[in-house]
Amino acid sequence: MSLLQDSFIEQAGYCENLGSPFMGRLLRLMAAHWPKGCIADQIASDWDGDIGPMAASLPLRICGGLHALVLKEKDAALGKVYPPADVPDTVLWPAVERALIGHGAFWRDWLQNAPQTNEVRRAAVLIAVARLLTDRFNLPIRLSELGASGGLNLMFDRFALDLDGQHFGPSSDVQLSPDWQGPLPCPTDPVIAERRGVDLNPLDAQHPEDALRLVAYLWPDQMDRLTRTRAAIELQDAPVDKSDAIEWLQTRLPHVPGQLHLIYHTIAWQYFPPDAQRRGQAMIEAAGAHATQDTPLAWVQMEADDNDNGAGLRLRLWPGNHDLALGRVDFHGRWVKWTGPKGL
């Protein structure tokens, strides 16, 4: 079995564990019946570097491309076998195989770009953190998101969070209701003074082709994610700059009197090169050393760690150089185990 087929099987397990049986089926079918010699196969065979889920993510690139063909209505036969249709493998696979063998120009273009999504449900913890910080400092917040992609989660204060019958935030078409364990968020609404993000390859959510990429990498049998993301796209009006995240961050670190600066990233830091991580941490800590009650600095990290149970959620906070574990979060935000304090 080839490295690509091994990667399909590995990715299938991740998708199944995150609640997508269709993606599991699709990836296992590709592992078993991958058409040798097609354009996608040639690109994968010539790939320089790791093609697996933790690197170039060729399996997700291919699945995203298939979904894009469906969403763009460029392959009617494929559209007929994709969710919400429920067809047997003997019907699904021939349509997938034809789509992989055909559309050569499409595959040459699509596979050059890494998967990009904005998992909007991750914003539930950002809402909780912003409320915690507002309760503590009562200052407007300046947002800096690293690895922001299309910047959908820069709009988290415009989303509605419903937990145990309690409502947090405004009325919104973006509804978040994760399985929440632990103390509920503070009641104080945050005020966002300014919001901006950075990405090596930012997507403009208001551009049709970029919006397609944000939606295509969602999984076809998870319609709630598709609906939620489309609603978030309608709200997105924050700038996302094209730049190296650490170089960009340096321009954002000078303190602004009367504002709390919240730096955050959700499943992005882990993909930065180790040297960039070291430089970024040193820069943030140096800025934190000069933070005051009038210019506090918060750094929120939602990233994978050595615990298989979702992602860790961590808050670094200055002045005072506090380092707080706030709990754990499902990678897609389906559940939150909040262990942070009720107040700071």
# chains A, B, ... in the order shown; residues from 1 in each chain; ligands from 1

$ select_by_dssp --residues "range 100-305 of chain A" --states "helix (DSSP H, G or I)" --output "PyMOL selection string"
chain A and resi 100-101+104-110+120-137+152-158+208-216+223-235+245-252+269-271+274-288

$ residues_around --residues "Glu209 in chain A" --least-positions-apart "5" --cutoff "12 Å" --atoms "only C-alpha atoms" --output "number ranges by chain"
A: 68, 71-72, 110, 150, 203-204, 214-216

$ atom_distance --atom1 "CA of Arg316 in chain A" --atom2 "CA of Trp299 in chain A"
5.0 Å

$ select_by_dssp --residues "range 11-207 of chain A" --states "strand (DSSP E)" --output "list in words"
Ile141, Arg142, Leu143, Ser144, Glu145, Leu146, Ala160, Leu161, Asp162, Leu163, Gln166, His167, Phe168, Gln175, Leu176, Asp179, Trp180, Gln181, Ile192, Ala193, Glu194, Arg195, Arg196, Gly197, Val198 and Asp199 of chain A

$ atom_distance --atom1 "CA of Glu285 in chain A" --atom2 "CA of Val256 in chain A"
16.5 Å

$ atom_distance --atom1 "CA of Ala95 in chain A" --atom2 "CA of Pro35 in chain A"
12.4 Å

$ closest_atom_pairs --of "range 282-327 of chain A" --to "range 116-124 of chain A" --cutoff "12 Å" --atoms "only C-alpha atoms" --output "tab-separated table"
residue	atom	partner	partner_atom	distance
A:Val300	CA	A:Ala123	CA	11.9
A:Gln301	CA	A:Arg122	CA	11.5
A:Met302	CA	A:Arg122	CA	8.8
A:Glu303	CA	A:Arg122	CA	11.1
A:Gly310	CA	A:Arg122	CA	11.6
A:Ala311	CA	A:Arg122	CA	10.5
A:Leu313	CA	A:Arg122	CA	10.8

$ residues_around --residues "Thr134 in chain A" --least-positions-apart "3" --cutoff "10 Å" --atoms "only C-alpha atoms" --output "ChimeraX atom specification"
/A:128-131,137-141,186-191,260,343-344

$ residues_around --residues "Asp241 in chain A" --least-positions-apart "6" --cutoff "8 Å" --atoms "only C-alpha atoms" --output "VMD selection string"
chain A and resid 196 to 199 202

$ residues_around --residues "Gly147 in chain A" --least-positions-apart "2" --cutoff "9 Å" --atoms "only C-alpha atoms" --output "MDAnalysis selection string"
chainID A and resid 145 149 151 197:202 245 265:269

$ write_last_selection --atoms "N, CA and C atoms" --output "mmCIF file, in the first residue's frame"
data_model
loop_
_atom_site.group_PDB
_atom_site.id
_atom_site.type_symbol
_atom_site.label_atom_id
_atom_site.label_comp_id
_atom_site.auth_asym_id
_atom_site.auth_seq_id
_atom_site.Cartn_x
_atom_site.Cartn_y
_atom_site.Cartn_z
ATOM 1 N N GLU A 145 -5.652 37.570 15.850
ATOM 2 C CA GLU A 145 -5.741 36.129 15.659
ATOM 3 C C GLU A 145 -4.639 35.654 14.723
ATOM 4 N N SER A 149 -7.039 32.250 8.784
ATOM 5 C CA SER A 149 -7.705 31.746 7.578
ATOM 6 C C SER A 149 -8.633 32.813 7.020
ATOM 7 N N GLY A 151 -10.903 34.429 8.872
ATOM 8 C CA GLY A 151 -11.234 35.389 9.922
ATOM 9 C C GLY A 151 -12.626 35.255 10.505
ATOM 10 N N GLY A 197 -6.621 39.821 11.866
ATOM 11 C CA GLY A 197 -5.973 38.525 11.869
ATOM 12 C C GLY A 197 -4.856 38.459 10.848
ATOM 13 N N VAL A 198 -4.157 37.321 10.854
ATOM 14 C CA VAL A 198 -3.056 37.103 9.923
ATOM 15 C C VAL A 198 -3.062 35.651 9.487
ATOM 16 N N ASP A 199 -2.630 35.417 8.238
ATOM 17 C CA ASP A 199 -2.508 34.062 7.719
ATOM 18 C C ASP A 199 -1.521 34.098 6.561
ATOM 19 N N LEU A 200 -0.788 33.007 6.374
ATOM 20 C CA LEU A 200 0.112 32.942 5.225
ATOM 21 C C LEU A 200 -0.659 32.975 3.908
ATOM 22 N N ASN A 201 -1.871 32.426 3.929
ATOM 23 C CA ASN A 201 -2.705 32.406 2.737
ATOM 24 C C ASN A 201 -4.137 32.757 3.132
ATOM 25 N N PRO A 202 -4.390 34.009 3.473
ATOM 26 C CA PRO A 202 -5.718 34.369 3.974
ATOM 27 C C PRO A 202 -6.786 34.232 2.906
ATOM 28 N N ALA A 245 3.087 35.061 10.523
ATOM 29 C CA ALA A 245 2.356 35.411 11.745
ATOM 30 C C ALA A 245 3.240 36.092 12.789
ATOM 31 N N HIS A 265 -5.013 31.831 19.066
ATOM 32 C CA HIS A 265 -4.932 30.929 17.917
ATOM 33 C C HIS A 265 -5.607 29.623 18.303
ATOM 34 N N THR A 266 -6.292 29.006 17.337
ATOM 35 C CA THR A 266 -6.993 27.746 17.568
ATOM 36 C C THR A 266 -6.531 26.737 16.528
ATOM 37 N N ILE A 267 -5.769 25.767 16.979
ATOM 38 C CA ILE A 267 -5.197 24.722 16.124
ATOM 39 C C ILE A 267 -4.424 25.360 14.967
ATOM 40 N N ALA A 268 -3.486 26.206 15.313
ATOM 41 C CA ALA A 268 -2.652 26.878 14.313
ATOM 42 C C ALA A 268 -1.199 26.923 14.756
ATOM 43 N N TRP A 269 -0.950 27.258 16.005
ATOM 44 C CA TRP A 269 0.410 27.396 16.533
ATOM 45 C C TRP A 269 1.209 26.115 16.327
#

$ residues_around --residues "Ala205 in chain A" --least-positions-apart "2" --cutoff "7 Å" --atoms "only C-alpha atoms" --output "JSON, numbers by chain"
{"A": [150, 203, 207, 210, 211, 233, 236]}

$ write_last_selection --atoms "C-alpha atoms" --output "mmCIF file, in the first residue's frame"
data_model
loop_
_atom_site.group_PDB
_atom_site.id
_atom_site.type_symbol
_atom_site.label_atom_id
_atom_site.label_comp_id
_atom_site.auth_asym_id
_atom_site.auth_seq_id
_atom_site.Cartn_x
_atom_site.Cartn_y
_atom_site.Cartn_z
ATOM 1 C CA GLY A 150 -10.908 33.582 6.591
ATOM 2 C CA LEU A 203 -9.124 33.843 2.474
ATOM 3 C CA HIS A 207 -15.027 36.479 -2.345
ATOM 4 C CA ASP A 210 -12.557 31.873 -1.118
ATOM 5 C CA ALA A 211 -15.923 31.317 0.543
ATOM 6 C CA ILE A 233 -19.381 34.251 6.396
ATOM 7 C CA GLN A 236 -17.276 38.592 8.525
#

$ closest_atom_pairs --of "range 150-222 of chain A" --to "range 318-339 of chain A" --cutoff "6 Å" --atoms "only C-alpha atoms" --output "tab-separated table"
residue	atom	partner	partner_atom	distance
A:Pro178	CA	A:Trp335	CA	4.9
A:Asp179	CA	A:Trp335	CA	4.4
A:Trp180	CA	A:Val336	CA	4.9
A:Gln181	CA	A:Lys337	CA	4.8
A:Gly182	CA	A:Trp338	CA	5.0

$ closest_atom_pairs --of "range 84-109 of chain A" --to "range 31-34 of chain A" --cutoff "12 Å" --atoms "only C-alpha atoms" --output "CSV"
residue,atom,partner,partner_atom,distance
A:Asp89,CA,A:His33,CA,11.4
A:Thr90,CA,A:His33,CA,11.6
A:Trp93,CA,A:His33,CA,8.5
A:Pro94,CA,A:His33,CA,10.0
A:Val96,CA,A:Trp34,CA,10.0
A:Glu97,CA,A:Trp34,CA,7.9
A:Arg98,CA,A:Trp34,CA,11.2
A:Ala99,CA,A:Trp34,CA,11.9
A:Leu100,CA,A:Trp34,CA,9.0
A:Ile101,CA,A:Trp34,CA,10.1

$ closest_residue --among "A:Lys342, A:Arg228, A:His167, A:Arg108" --to "Ile43 in chain A" --atoms "only C-alpha atoms"
A:Arg108

$ closest_residue --among "A:Pro115, A:Gly37, A:Gly104, A:Gly288" --to "Leu58 in chain A" --atoms "only C-alpha atoms"
A:Pro115

$ closest_residue --among "A:Gln112, A:Thr227, A:Gln281, A:Gln5" --to "Ile246 in chain A" --atoms "only C-alpha atoms"
A:Gln281
